[in-house]
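Trainee: Sending over work.txt (compact mmCIF, C-alpha atoms).
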# COMPACT_ATOMS: atom_id res chain seq x y z
CA MET A 1 0.00 0.00 0.00
CA ASP A 2 1.35 3.46 -0.76
CA VAL A 3 0.98 6.50 1.49
CA GLU A 4 -1.77 7.93 -0.68
CA THR A 5 -3.91 4.78 -0.30
CA VAL A 6 -3.22 4.68 3.45
CA THR A 7 -4.38 8.30 3.75
CA GLU A 8 -7.56 7.51 1.81
CA ARG A 9 -8.39 4.41 3.83
CA ALA A 10 -7.30 5.81 7.22
CA GLY A 11 -9.86 5.23 9.98
CA PRO A 12 -10.25 3.62 13.40
CA ARG A 13 -8.54 0.16 13.59
CA GLN A 14 -8.20 0.16 9.83
CA PHE A 15 -4.76 -1.42 9.45
CA SER A 16 -3.30 -4.60 10.90
CA PRO A 17 -0.21 -6.79 10.44
CA ARG A 18 -2.03 -8.49 7.54
CA ASP A 19 -1.77 -5.27 5.52
CA ASP A 20 1.30 -4.33 3.56
CA MET A 21 2.05 -0.92 5.07
CA PRO A 22 4.54 1.60 3.69
CA ARG A 23 7.77 2.28 5.54
CA GLU A 24 6.68 5.84 6.47
CA TYR A 25 3.59 4.54 8.27
CA ARG A 26 5.43 1.75 10.07
CA GLU A 27 8.17 4.10 11.25
CA ALA A 28 5.75 6.80 12.43
CA ALA A 29 3.62 4.24 14.28
CA THR A 30 6.71 2.63 15.83
CA ARG A 31 8.00 6.01 17.03
CA MET A 32 4.62 6.80 18.60
CA ILE A 33 3.99 3.41 20.27
CA GLN A 34 7.60 3.00 21.41
CA PHE A 35 7.40 6.43 23.07
CA HIS A 36 4.17 5.40 24.75
CA ALA A 37 5.64 2.07 25.94
CA ASN A 38 8.82 3.76 27.22
CA SER A 39 6.68 6.25 29.13
CA GLU A 40 4.73 3.48 30.88
CA ILE A 41 7.99 1.89 32.01
CA MET A 42 9.67 5.12 33.09
CA GLY A 43 6.53 6.24 34.94
CA ALA A 44 6.48 2.95 36.82
CA TYR A 45 10.13 3.37 37.85
CA LEU A 46 9.43 6.92 39.03
CA GLU A 47 6.55 5.74 41.21
CA LYS A 48 8.12 2.51 42.45
CA PRO A 49 9.92 4.06 45.49
CA PHE A 50 6.55 5.22 46.81
CA ILE A 51 5.40 1.64 47.37
CA ARG A 52 7.79 1.80 50.34
CA GLN A 53 6.89 5.32 51.34
CA ALA A 54 3.12 4.81 51.24
CA PRO A 55 1.57 6.02 54.51
CA SER A 56 -0.79 3.08 55.05
CA LEU A 57 -1.19 -0.58 54.11
CA GLU A 58 -4.10 0.22 51.76
CA ARG A 59 -2.04 2.80 49.92
CA LYS A 60 0.90 0.41 49.71
CA LEU A 61 -1.23 -2.35 48.19
CA ALA A 62 -2.89 0.00 45.71
CA PHE A 63 0.36 1.69 44.76
CA SER A 64 2.11 -1.61 44.13
CA ALA A 65 -0.87 -2.82 42.04
CA LYS A 66 -0.69 0.37 40.01
CA VAL A 67 3.05 0.10 39.37
CA GLN A 68 2.54 -3.53 38.33
CA ASP A 69 -0.22 -2.40 35.93
CA GLU A 70 2.05 0.24 34.35
CA ILE A 71 4.82 -2.28 33.69
CA GLY A 72 2.18 -4.52 32.11
CA HIS A 73 1.04 -1.62 29.90
CA GLY A 74 4.63 -1.17 28.77
CA GLN A 75 4.79 -4.86 27.79
CA LEU A 76 1.46 -4.67 25.90
CA LEU A 77 2.67 -1.64 24.00
CA TYR A 78 6.05 -3.10 23.08
CA ARG A 79 4.09 -6.05 21.64
CA ALA A 80 1.90 -3.67 19.65
CA ALA A 81 5.00 -1.81 18.41
CA GLU A 82 6.74 -5.05 17.42
CA THR A 83 3.85 -5.92 15.09
CA LEU A 84 5.04 -3.11 12.79
CA GLY A 85 8.22 -5.04 12.04
CA VAL A 86 10.57 -2.10 12.54
CA LYS A 87 12.08 -2.95 15.93
CA THR A 88 12.02 -5.90 18.32
CA ARG A 89 11.16 -5.57 22.01
CA GLU A 90 14.80 -6.18 22.93
CA GLU A 91 15.91 -3.36 20.62
CA MET A 92 13.39 -0.99 22.17
CA LEU A 93 14.42 -1.90 25.73
CA ASP A 94 18.06 -1.41 24.76
CA ASP A 95 17.19 1.96 23.17
CA LEU A 96 15.71 2.96 26.50
CA ALA A 97 18.72 1.78 28.50
CA GLU A 98 21.13 3.57 26.15
CA GLY A 99 19.27 6.87 26.39
CA GLU A 100 18.03 6.66 22.78
CA GLY A 101 14.44 5.87 23.72
CA LYS A 102 12.32 8.96 24.28
CA PHE A 103 9.60 9.23 26.93
CA LEU A 104 7.09 11.63 28.45
CA ASN A 105 8.45 14.92 29.79
CA CYS A 106 6.80 14.52 33.21
CA PHE A 107 8.75 11.35 33.98
CA HIS A 108 12.09 13.13 33.69
CA TYR A 109 11.65 15.05 36.92
CA PRO A 110 12.53 13.64 40.33
CA MET A 111 9.64 12.90 42.65
CA GLU A 112 10.79 13.21 46.22
CA SER A 113 7.87 13.26 48.58
CA TRP A 114 4.50 11.56 49.02
CA VAL A 115 2.62 14.87 48.49
CA GLU A 116 3.89 14.83 44.90
CA THR A 117 2.32 11.46 44.09
CA PRO A 118 -1.10 12.81 43.06
CA MET A 119 0.64 15.09 40.55
CA ILE A 120 1.45 11.93 38.60
CA ALA A 121 -1.28 9.59 39.80
CA PHE A 122 -4.12 12.07 39.27
CA PHE A 123 -3.07 14.85 36.89
CA VAL A 124 -0.51 13.13 34.63
CA ASP A 125 -2.43 9.84 34.57
CA GLY A 126 -5.61 11.82 33.93
CA ALA A 127 -3.95 13.61 31.03
CA ALA A 128 -2.66 10.27 29.70
CA MET A 129 -6.10 8.72 30.08
CA ARG A 130 -7.66 11.56 28.06
CA ARG A 131 -5.18 10.93 25.28
CA GLN A 132 -5.42 7.13 25.46
CA ALA A 133 -9.21 7.18 25.18
CA THR A 134 -8.81 8.86 21.77
CA LEU A 135 -6.24 6.24 20.76
CA LYS A 136 -8.86 3.50 20.93
CA ARG A 137 -9.68 4.89 17.49
CA THR A 138 -6.14 4.86 16.13
CA SER A 139 -5.66 3.24 12.72
CA TRP A 140 -3.13 0.57 13.86
CA GLU A 141 -5.35 -2.22 15.17
CA PRO A 142 -2.87 -3.79 17.65
CA TYR A 143 -2.36 -0.35 19.23
CA ALA A 144 -6.13 0.16 19.58
CA HIS A 145 -6.47 -3.29 21.17
CA ALA A 146 -3.74 -2.43 23.69
CA MET A 147 -5.67 0.77 24.50
CA ASP A 148 -8.83 -1.23 25.24
CA LYS A 149 -7.05 -3.01 28.09
CA VAL A 150 -5.05 0.01 29.25
CA CYS A 151 -8.16 2.20 29.50
CA PHE A 152 -10.02 -0.56 31.32
CA GLU A 153 -7.38 -0.57 34.07
CA GLU A 154 -6.52 3.10 34.15
CA GLY A 155 -9.79 4.24 35.79
CA PHE A 156 -8.55 2.71 39.04
CA HIS A 157 -5.29 4.65 38.81
CA VAL A 158 -6.89 8.03 38.31
CA LYS A 159 -9.57 7.51 40.99
CA HIS A 160 -6.94 6.25 43.42
CA GLY A 161 -4.80 9.29 42.56
CA GLU A 162 -7.74 11.59 43.26
CA HIS A 163 -8.36 9.77 46.53
CA ILE A 164 -4.79 10.57 47.65
CA LEU A 165 -5.25 14.16 46.50
CA ALA A 166 -8.51 14.47 48.46
CA GLU A 167 -6.86 13.07 51.59
CA LEU A 168 -3.95 15.52 51.42
CA ALA A 169 -6.19 18.46 50.53
CA THR A 170 -8.29 17.87 53.64
CA GLY A 171 -5.29 17.05 55.83
CA SER A 172 -3.22 19.28 58.08
CA ARG A 173 -2.36 22.86 57.11
CA LYS A 174 1.18 21.71 56.47
CA GLU A 175 0.00 19.00 54.09
CA GLN A 176 -2.19 21.50 52.27
CA ALA A 177 0.71 23.93 51.90
CA LEU A 178 3.07 21.21 50.65
CA LEU A 179 0.40 20.06 48.22
CA GLN A 180 0.08 23.56 46.79
CA ASP A 181 3.88 23.78 46.44
CA ALA A 182 3.97 20.46 44.61
CA PHE A 183 1.12 21.58 42.37
CA GLU A 184 2.91 24.81 41.44
CA GLU A 185 6.07 22.91 40.64
CA TRP A 186 4.34 20.29 38.49
CA TRP A 187 1.65 22.40 36.78
CA PRO A 188 3.78 23.77 33.89
CA ARG A 189 5.10 20.26 33.15
CA ILE A 190 1.56 18.92 33.14
CA ILE A 191 0.53 21.62 30.63
CA GLN A 192 3.53 20.66 28.52
CA PHE A 193 2.43 17.00 28.62
CA PHE A 194 0.37 17.75 25.52
CA GLY A 195 3.36 19.16 23.67
CA PRO A 196 3.65 22.45 21.86
CA THR A 197 0.52 24.16 20.54
CA ASN A 198 -0.63 22.97 17.12
CA ASP A 199 1.21 25.63 15.14
CA ARG A 200 4.52 24.43 16.60
CA SER A 201 3.93 20.67 16.62
CA THR A 202 6.28 18.74 14.33
CA HIS A 203 4.92 15.21 13.99
CA HIS A 204 1.21 15.84 13.91
CA ASP A 205 0.41 16.25 10.21
CA PHE A 206 1.50 12.84 8.95
CA SER A 207 0.25 10.94 12.02
CA ALA A 208 -3.16 12.59 11.71
CA ALA A 209 -3.37 12.02 7.96
CA VAL A 210 -2.83 8.27 8.34
CA GLY A 211 -5.16 8.01 11.34
CA LEU A 212 -2.57 7.22 14.02
CA LYS A 213 -3.51 10.32 16.01
CA THR A 214 -7.17 11.25 16.15
CA MET A 215 -6.99 14.54 18.06
CA THR A 216 -4.58 17.47 18.04
CA ASN A 217 -2.42 18.63 20.96
CA ASP A 218 -4.70 21.64 21.40
CA GLU A 219 -7.94 19.62 21.45
CA LEU A 220 -6.53 17.22 24.03
CA ARG A 221 -5.13 20.02 26.20
CA ASN A 222 -8.47 21.83 26.14
CA ALA A 223 -10.43 18.73 27.08
CA PHE A 224 -8.00 18.07 29.92
CA LEU A 225 -8.10 21.63 31.27
CA ASN A 226 -11.90 21.75 31.15
CA ALA A 227 -12.13 18.61 33.26
CA TYR A 228 -9.17 19.01 35.61
CA ILE A 229 -9.06 22.72 36.48
CA PRO A 230 -12.44 22.46 38.25
CA LYS A 231 -11.16 19.38 40.10
CA ALA A 232 -8.01 21.20 41.26
CA GLU A 233 -10.15 24.13 42.43
CA LYS A 234 -12.54 21.79 44.22
CA TYR A 235 -9.63 20.65 46.40
CA GLY A 236 -8.63 24.20 47.18
CA LEU A 237 -5.60 24.27 44.90
CA GLU A 238 -4.78 27.63 43.44
CA ILE A 239 -4.00 27.56 39.73
CA PRO A 240 -0.60 29.27 39.28
CA GLU A 241 -0.72 32.62 37.48
CA TYR A 242 1.86 31.38 34.98
CA PRO A 243 1.60 29.92 32.40
CA ARG A 244 -1.32 32.19 31.54
CA LEU A 245 -4.28 30.18 30.28
CA GLU A 246 -6.89 32.43 28.74
CA LYS A 247 -10.34 30.93 28.52
CA GLN A 248 -12.08 31.77 25.26
CA ASP A 249 -15.81 32.23 24.69
CA ASP A 250 -16.01 28.81 23.00
CA GLY A 251 -14.74 27.08 26.17
CA THR A 252 -11.24 26.44 24.84
CA TYR A 253 -8.04 27.77 26.36
CA HIS A 254 -5.42 29.91 24.76
CA VAL A 255 -2.02 29.00 26.22
CA ARG A 256 0.56 31.77 26.32
CA GLU A 257 3.37 29.67 24.90
CA ASP A 258 6.04 32.17 25.96
CA ASP A 259 5.17 31.57 29.63
CA LEU A 260 6.43 28.00 29.32
CA ASP A 261 10.06 26.97 29.22
CA TRP A 262 10.38 25.32 25.81
CA GLU A 263 14.14 25.19 25.93
CA GLU A 264 13.81 22.96 28.98
CA PHE A 265 11.07 20.95 27.25
CA PHE A 266 13.22 20.19 24.23
CA THR A 267 16.28 19.43 26.37
CA VAL A 268 14.08 16.95 28.22
CA ALA A 269 12.70 15.60 24.94
CA LYS A 270 16.25 14.79 23.81
CA ASN A 271 17.10 13.04 27.12
CA GLU A 272 19.77 15.66 27.79
CA ASP A 273 18.46 16.79 31.20
CA ASP A 274 20.04 15.66 34.49
CA GLY A 275 16.78 14.26 35.86
CA GLY A 276 16.12 12.19 32.75
CA ILE A 277 19.68 10.91 32.60
CA HIS A 278 19.42 9.82 36.22
CA GLN A 279 16.12 8.01 35.57
CA ILE A 280 17.49 6.29 32.47
CA ASP A 281 20.67 5.19 34.26
CA SER A 282 18.84 3.82 37.27
CA ARG A 283 16.48 1.83 35.05
CA ARG A 284 19.41 0.51 33.04
CA ALA A 285 21.01 -0.65 36.31
CA ALA A 286 17.77 -2.48 37.16
CA GLN A 287 17.67 -4.05 33.68
CA GLU A 288 21.26 -5.25 34.10
CA ALA A 289 20.64 -6.51 37.63
CA VAL A 290 17.93 -8.90 36.44
CA ASP A 291 19.73 -9.92 33.28
CA TRP A 292 20.24 -13.39 34.80
CA VAL A 293 16.44 -13.87 34.91
CA ARG A 294 16.10 -13.29 31.16
CA THR A 295 19.13 -15.44 30.43
CA SER A 296 17.77 -18.28 32.56
CA MET A 297 14.37 -18.09 30.87
CA GLU A 298 16.00 -18.36 27.47
CA GLU A 299 18.38 -21.15 28.48
CA PHE A 300 15.98 -23.22 30.52
CA GLY A 301 12.72 -22.32 28.78
CA GLY A 302 10.20 -25.12 28.39
CA GLY A 303 10.65 -26.40 31.94
CA GLN A 304 8.03 -26.33 34.62
CA ALA A 305 5.24 -23.84 34.09
CA PRO A 306 5.82 -20.66 36.07
CA GLN A 307 3.15 -19.39 38.46
CA ALA A 308 1.28 -16.32 37.25
CA ALA A 309 1.80 -13.34 39.51
CA ASP A 310 -1.49 -12.12 40.93
CA MET B 1 -7.35 -33.53 12.95
CA ILE B 2 -9.35 -30.91 14.87
CA TRP B 3 -8.99 -27.17 14.33
CA GLU B 4 -10.27 -24.50 16.71
CA VAL B 5 -12.03 -21.64 14.94
CA PHE B 6 -11.92 -17.96 15.87
CA ARG B 7 -14.24 -15.51 14.15
CA GLN B 8 -13.84 -11.73 13.86
CA GLU B 9 -17.11 -9.94 13.13
CA GLU B 10 -15.74 -6.70 11.78
CA ALA B 11 -12.38 -5.19 10.92
CA GLY B 12 -10.55 -3.98 14.01
CA GLY B 13 -12.50 -6.29 16.36
CA TYR B 14 -11.23 -9.30 18.30
CA HIS B 15 -11.12 -12.85 16.98
CA THR B 16 -13.23 -14.84 19.44
CA HIS B 17 -13.57 -18.57 19.69
CA CYS B 18 -16.71 -19.90 18.04
CA GLY B 19 -16.21 -23.67 17.66
CA ASN B 20 -14.08 -26.24 15.85
CA VAL B 21 -13.95 -28.32 12.68
CA HIS B 22 -12.48 -31.61 11.47
CA ALA B 23 -10.06 -31.16 8.56
CA PRO B 24 -6.92 -32.87 7.26
CA ASP B 25 -4.98 -29.61 6.75
CA ALA B 26 -5.12 -25.84 7.21
CA GLU B 27 -6.54 -25.13 3.74
CA MET B 28 -9.44 -27.52 4.27
CA ALA B 29 -9.92 -26.24 7.84
CA LYS B 30 -10.29 -22.68 6.49
CA LEU B 31 -12.84 -23.88 3.96
CA PHE B 32 -14.91 -25.83 6.52
CA ALA B 33 -14.70 -22.98 9.03
CA GLN B 34 -16.09 -20.57 6.44
CA ILE B 35 -19.03 -22.85 5.81
CA GLN B 36 -19.76 -23.79 9.41
CA HIS B 37 -18.99 -20.55 11.21
CA GLY B 38 -18.79 -17.71 8.71
CA ARG B 39 -21.94 -18.19 6.70
CA ARG B 40 -24.75 -16.64 8.72
CA LYS B 41 -23.20 -14.50 11.41
CA PRO B 42 -21.40 -11.35 10.28
CA THR B 43 -17.79 -12.30 9.53
CA HIS B 44 -14.79 -10.30 8.47
CA SER B 45 -12.03 -12.82 9.16
CA ILE B 46 -11.50 -16.34 10.52
CA TRP B 47 -8.49 -17.97 12.17
CA VAL B 48 -8.03 -21.71 12.38
CA VAL B 49 -5.59 -23.19 14.92
CA PRO B 50 -4.65 -26.86 15.39
CA GLN B 51 -6.27 -28.02 18.62
CA ALA B 52 -2.95 -29.44 19.83
CA SER B 53 -1.49 -25.92 19.68
CA VAL B 54 -3.96 -24.65 22.25
CA HIS B 55 -2.73 -24.89 25.84
CA GLU B 56 -5.12 -24.43 28.70
CA VAL B 57 -5.08 -23.34 32.32
CA ASP B 58 -8.42 -23.38 34.12
CA ASP B 59 -9.87 -22.41 37.48
CA GLU B 60 -9.09 -25.83 38.92
CA ASP B 61 -5.41 -25.32 38.12
CA THR B 62 -5.20 -21.79 39.44
CA ALA B 63 -7.09 -19.08 41.27
CA PHE B 64 -7.49 -16.37 38.65
CA GLY B 65 -7.02 -12.96 40.19
CA GLY B 66 -5.57 -14.46 43.36
CA THR B 67 -7.17 -15.62 46.59
CA THR B 68 -7.06 -12.47 48.68
CA ASP B 69 -9.38 -9.48 48.67
CA LYS B 70 -8.07 -7.04 46.06
CA ALA B 71 -10.71 -4.36 46.37
CA TYR B 72 -7.92 -1.78 46.20
CA ARG B 73 -7.49 -2.65 42.51
CA TRP B 74 -10.95 -1.49 41.51
CA ALA B 75 -12.06 2.01 40.60
CA MET B 76 -15.35 1.48 42.45
CA THR B 77 -13.47 1.31 45.77
CA TYR B 78 -12.60 5.00 45.68
CA ASP B 79 -15.46 7.34 46.47
CA THR B 80 -14.33 10.18 44.22
CA ASP B 81 -16.59 11.47 41.46
CA ALA B 82 -15.69 9.93 38.09
CA SER B 83 -18.33 11.74 36.06
CA PHE B 84 -16.11 14.79 35.46
CA ALA B 85 -14.28 12.97 32.66
CA GLN B 86 -16.07 10.60 30.29
CA GLU B 87 -13.05 8.31 29.91
CA ILE B 88 -12.77 7.76 33.69
CA ALA B 89 -16.50 7.10 34.01
CA ASP B 90 -16.29 4.62 31.10
CA SER B 91 -13.35 2.80 32.66
CA GLU B 92 -15.16 2.52 35.99
CA GLU B 93 -18.27 1.18 34.26
CA GLU B 94 -16.21 -1.48 32.43
CA GLN B 95 -14.65 -2.51 35.74
CA ALA B 96 -18.02 -2.64 37.49
CA ALA B 97 -19.38 -4.83 34.67
CA ALA B 98 -16.38 -7.18 34.94
CA GLU B 99 -16.83 -7.46 38.70
CA ARG B 100 -20.53 -8.29 38.28
CA GLN B 101 -19.59 -11.01 35.79
CA ARG B 102 -16.96 -12.44 38.11
CA GLY B 103 -19.51 -12.69 40.90
CA ARG B 104 -22.06 -14.46 38.71
CA ARG B 105 -20.57 -17.94 38.69
Take the structure in this file and express it as structure tokens.
Mentor:
Amino acid sequence: MDVETVTERAGPRQFSPRDDMPREYREAATRMIQFHANSEIMGAYLEKPFIRQAPSLERKLAFSAKVQDEIGHGQLLYRAAETLGVKTREEMLDDLAEGEGKFLNCFHYPMESWVETPMIAFFVDGAAMRRQATLKRTSWEPYAHAMDKVCFEEGFHVKHGEHILAELATGSRKEQALLQDAFEEWWPRIIQFFGPTNDRSTHHDFSAAVGLKTMTNDELRNAFLNAYIPKAEKYGLEIPEYPRLEKQDDGTYHVREDDLDWEEFFTVAKNEDDGGIHQIDSRRAAQEAVDWVRTSMEEFGGGQAPQAAD
Amino acid sequence: MIWEVFRQEEAGGYHTHCGNVHAPDAEMAKLFAQIQHGRRKPTHSIWVVPQASVHEVDDEDTAFGGTTDKAYRWAMTYDTDASFAQEIADSEEEQAAAERQRGRR
């Protein structure tokens, strides 16, 4: 199939491994799904230390279940990416370990205290969920199927994240103040989750034309802000003055791009920031530390059936 | 030789198991599967798989989902309002439906 035919036929779940897809499509889809898979893995590593730091047994159980889910989402997505025939799972995991694999801006920043957890578990996961719901209609069928399962599970993550937020927001004055500080620190990164505004986005045109992306950065950001700003306000969080978000008569937001640090964003996007390098290195160390598990599975595969983790 | 048959109703959907056929090889299995399983119900694609290639684990072999209370894994456990975002409300509804089905047996 040539690009012209793909563009004509593009629609939800339109293409599968049975179709002969052009190189441009397979590379664009691989880039997008690999980024998504990497982000699931890097998000899980960022949250993992908070299994230990969780303030109660219930939180510990839920947090460990969530981290386990995210790793599973990474695996589902690497499978979906592999079906394009551009890269194998091993190559993508090695890309990530070597700092070649790109991932979501928010997962480049250190998370140091429990009050920061809802910034990821509610706001970033909520933003991701908004985007993922639209990807159920992506044109690459294996990607859409992965989204069915991811979206099924993700409702628990976001509601659990909001539950933590609600607890901190109604906690002691100190907790409320720390929560506001965390919110102010994370808010610009959360806005940047959706990337640059449409006029500055680089990959959108082709991905939209072939049905991989179904909504623009601006549409997703607007939908997110309309749902999540009222939630933040409900919990007494003050929306930072900057970046300025100007609400238009049609309910959309105009983001003052110059209020956001795009130099930082693109440094992060290239994995050249200290936080990102630290995250990548610590995950690579984990990958190397369990290398013997993968080697044993390959060498002794076919032995006794392993027990499924529950 | 027995072949398990999986039918996909429309493009982009899932292939779900719908029965099996006797056939000496894959070509004949595809032909019989079309006739037995793809003729009346809407069908976009059919897979045939040798029965011997299907490996099973059932609820006598294992406790699916574990044996302890895992209420903390479900969206319904958290009393926050999900209606503010359609995608969260949808996810919670899918989970509630799955939990109802699990309790039905």
Trainee: Might you pull out every residue within 9 Å of B:Thr77, with all atoms listed in the file counted and same-chain residues fewer than 4 positions away left off, and present them as a short mmCIF file (atom, residue, chain, number, x, y, z; two decimals) with C-alpha atoms, keeping the file's coordinate frame?
Mentor:
data_model
loop_
_atom_site.label_atom_id
_atom_site.label_comp_id
_atom_site.auth_asym_id
_atom_site.auth_seq_id
_atom_site.Cartn_x
_atom_site.Cartn_y
_atom_site.Cartn_z
CA PHE A 156 -8.55 2.71 39.04
CA LYS A 159 -9.57 7.51 40.99
CA HIS A 160 -6.94 6.25 43.42
CA ALA B 71 -10.71 -4.36 46.37
CA TYR B 72 -7.92 -1.78 46.20
CA ARG B 73 -7.49 -2.65 42.51
#
Trainee: Stretch 13-26 of chain B: which residues within 8 Å, counting only C-alpha atoms, same-chain residues fewer than 2 positions away excluded, as a ChimeraX atom specification?
Mentor: /B:1-11,28-30,32-33,37,45-48
Trainee: Compute the chain A side of the contact with chain B at 6 Å, counting only C-alpha atoms, and hand it back as a list in words.
Mentor: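 Taking only C-alpha atoms into account, Arg13, Ala62, Glu141, Phe152, Gly155, Phe156, Ala227 and Asp310 of chain A sit within 6 Å of chain B.
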Trainee: Which polymer residues, whether protein, DNA or RNA, lie within 6 Å of the coordinate (3.0, 27.1, 38.7) when you count all atoms listed in the file? List them as an mmCIF file with C-alpha atoms, in the frame of the given file, using the chain letters and numbers from the file.
Mentor:
data_model
loop_
_atom_site.group_PDB
_atom_site.id
_atom_site.type_symbol
_atom_site.label_atom_id
_atom_site.label_comp_id
_atom_site.auth_asym_id
_atom_site.auth_seq_id
_atom_site.Cartn_x
_atom_site.Cartn_y
_atom_site.Cartn_z
ATOM 1 C CA GLU A 184 2.910 24.810 41.440
ATOM 2 C CA GLU A 185 6.070 22.910 40.640
ATOM 3 C CA TRP A 187 1.650 22.400 36.780
ATOM 4 C CA PRO A 188 3.780 23.770 33.890
ATOM 5 C CA PRO A 240 -0.600 29.270 39.280
ATOM 6 C CA TYR A 242 1.860 31.380 34.980
#
Trainee: With distances taken over all atoms listed in the file, which of A:Ala144, A:Gln192, A:Ile164, A:His73 is nearest to A:Lys60?
Mentor: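 Of A:Ala144, A:Gln192, A:Ile164, A:His73, the one nearest A:Lys60 is A:Ile164, counting all atoms listed in the file.
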Trainee: Neighbourhood query: residues within 12 Å of (12.6, -6.6, 23.0), file coordinates, counting all atoms listed in the file; return as a PyMOL selection string.
Mentor: chain A and resi 34+37-38+74-83+85-97+294
Trainee: Could you tell me how far atom CA of A:Trp262 lies from atom CA of A:Ile71, in Å and to one decimal?
Mentor: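 Distance reported for this atom pair: 29.2 Å.
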Trainee: Between atom CA of A:Cys151 and atom CA of A:Gln132, what distance in Å does the model show, to one decimal?
Mentor: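 A separation of 6.9 Å between them.
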Trainee: So the first atom is atom CA of A:Arg189 and the second is atom CA of A:Thr117; what is the distance between them in Å, to one decimal place?
Mentor: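 Atom CA of A:Thr117 lies at a distance of 14.3 Å from atom CA of A:Arg189.
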Trainee: Given the block above, output stretch 150-165 of chain A with N, CA and C atoms as a short mmCIF file (atom, residue, chain, number, x, y, z; two decimals), in the first residue's frame.
Mentor:
data_model
loop_
_atom_site.label_atom_id
_atom_site.label_comp_id
_atom_site.auth_asym_id
_atom_site.auth_seq_id
_atom_site.Cartn_x
_atom_site.Cartn_y
_atom_site.Cartn_z
N VAL A 150 -5.65 -1.05 28.45
CA VAL A 150 -5.05 0.01 29.25
C VAL A 150 -6.15 0.90 29.84
N CYS A 151 -7.10 1.31 29.02
CA CYS A 151 -8.16 2.20 29.50
C CYS A 151 -9.05 1.50 30.52
N PHE A 152 -9.26 0.21 30.33
CA PHE A 152 -10.02 -0.56 31.32
C PHE A 152 -9.38 -0.42 32.70
N GLU A 153 -8.06 -0.57 32.77
CA GLU A 153 -7.38 -0.57 34.07
C GLU A 153 -7.15 0.82 34.64
N GLU A 154 -7.00 1.79 33.74
CA GLU A 154 -6.52 3.10 34.15
C GLU A 154 -7.51 3.87 35.04
N GLY A 155 -8.79 3.55 34.95
CA GLY A 155 -9.79 4.24 35.79
C GLY A 155 -9.46 4.10 37.27
N PHE A 156 -8.98 2.93 37.65
CA PHE A 156 -8.55 2.71 39.04
C PHE A 156 -7.40 3.65 39.40
N HIS A 157 -6.45 3.82 38.49
CA HIS A 157 -5.29 4.65 38.81
C HIS A 157 -5.69 6.09 39.07
N VAL A 158 -6.53 6.61 38.19
CA VAL A 158 -6.89 8.03 38.31
C VAL A 158 -7.77 8.25 39.55
N LYS A 159 -8.71 7.33 39.80
CA LYS A 159 -9.57 7.51 40.99
C LYS A 159 -8.76 7.35 42.27
N HIS A 160 -7.83 6.41 42.26
CA HIS A 160 -6.94 6.25 43.42
C HIS A 160 -6.09 7.50 43.60
N GLY A 161 -5.59 8.05 42.50
CA GLY A 161 -4.80 9.29 42.56
C GLY A 161 -5.62 10.43 43.15
N GLU A 162 -6.88 10.52 42.73
CA GLU A 162 -7.74 11.59 43.26
C GLU A 162 -8.01 11.36 44.74
N HIS A 163 -8.11 10.10 45.13
CA HIS A 163 -8.36 9.77 46.53
C HIS A 163 -7.19 10.24 47.41
N ILE A 164 -5.97 10.07 46.92
CA ILE A 164 -4.79 10.57 47.65
C ILE A 164 -4.83 12.10 47.71
N LEU A 165 -5.16 12.70 46.57
CA LEU A 165 -5.25 14.16 46.50
C LEU A 165 -6.28 14.68 47.51
#
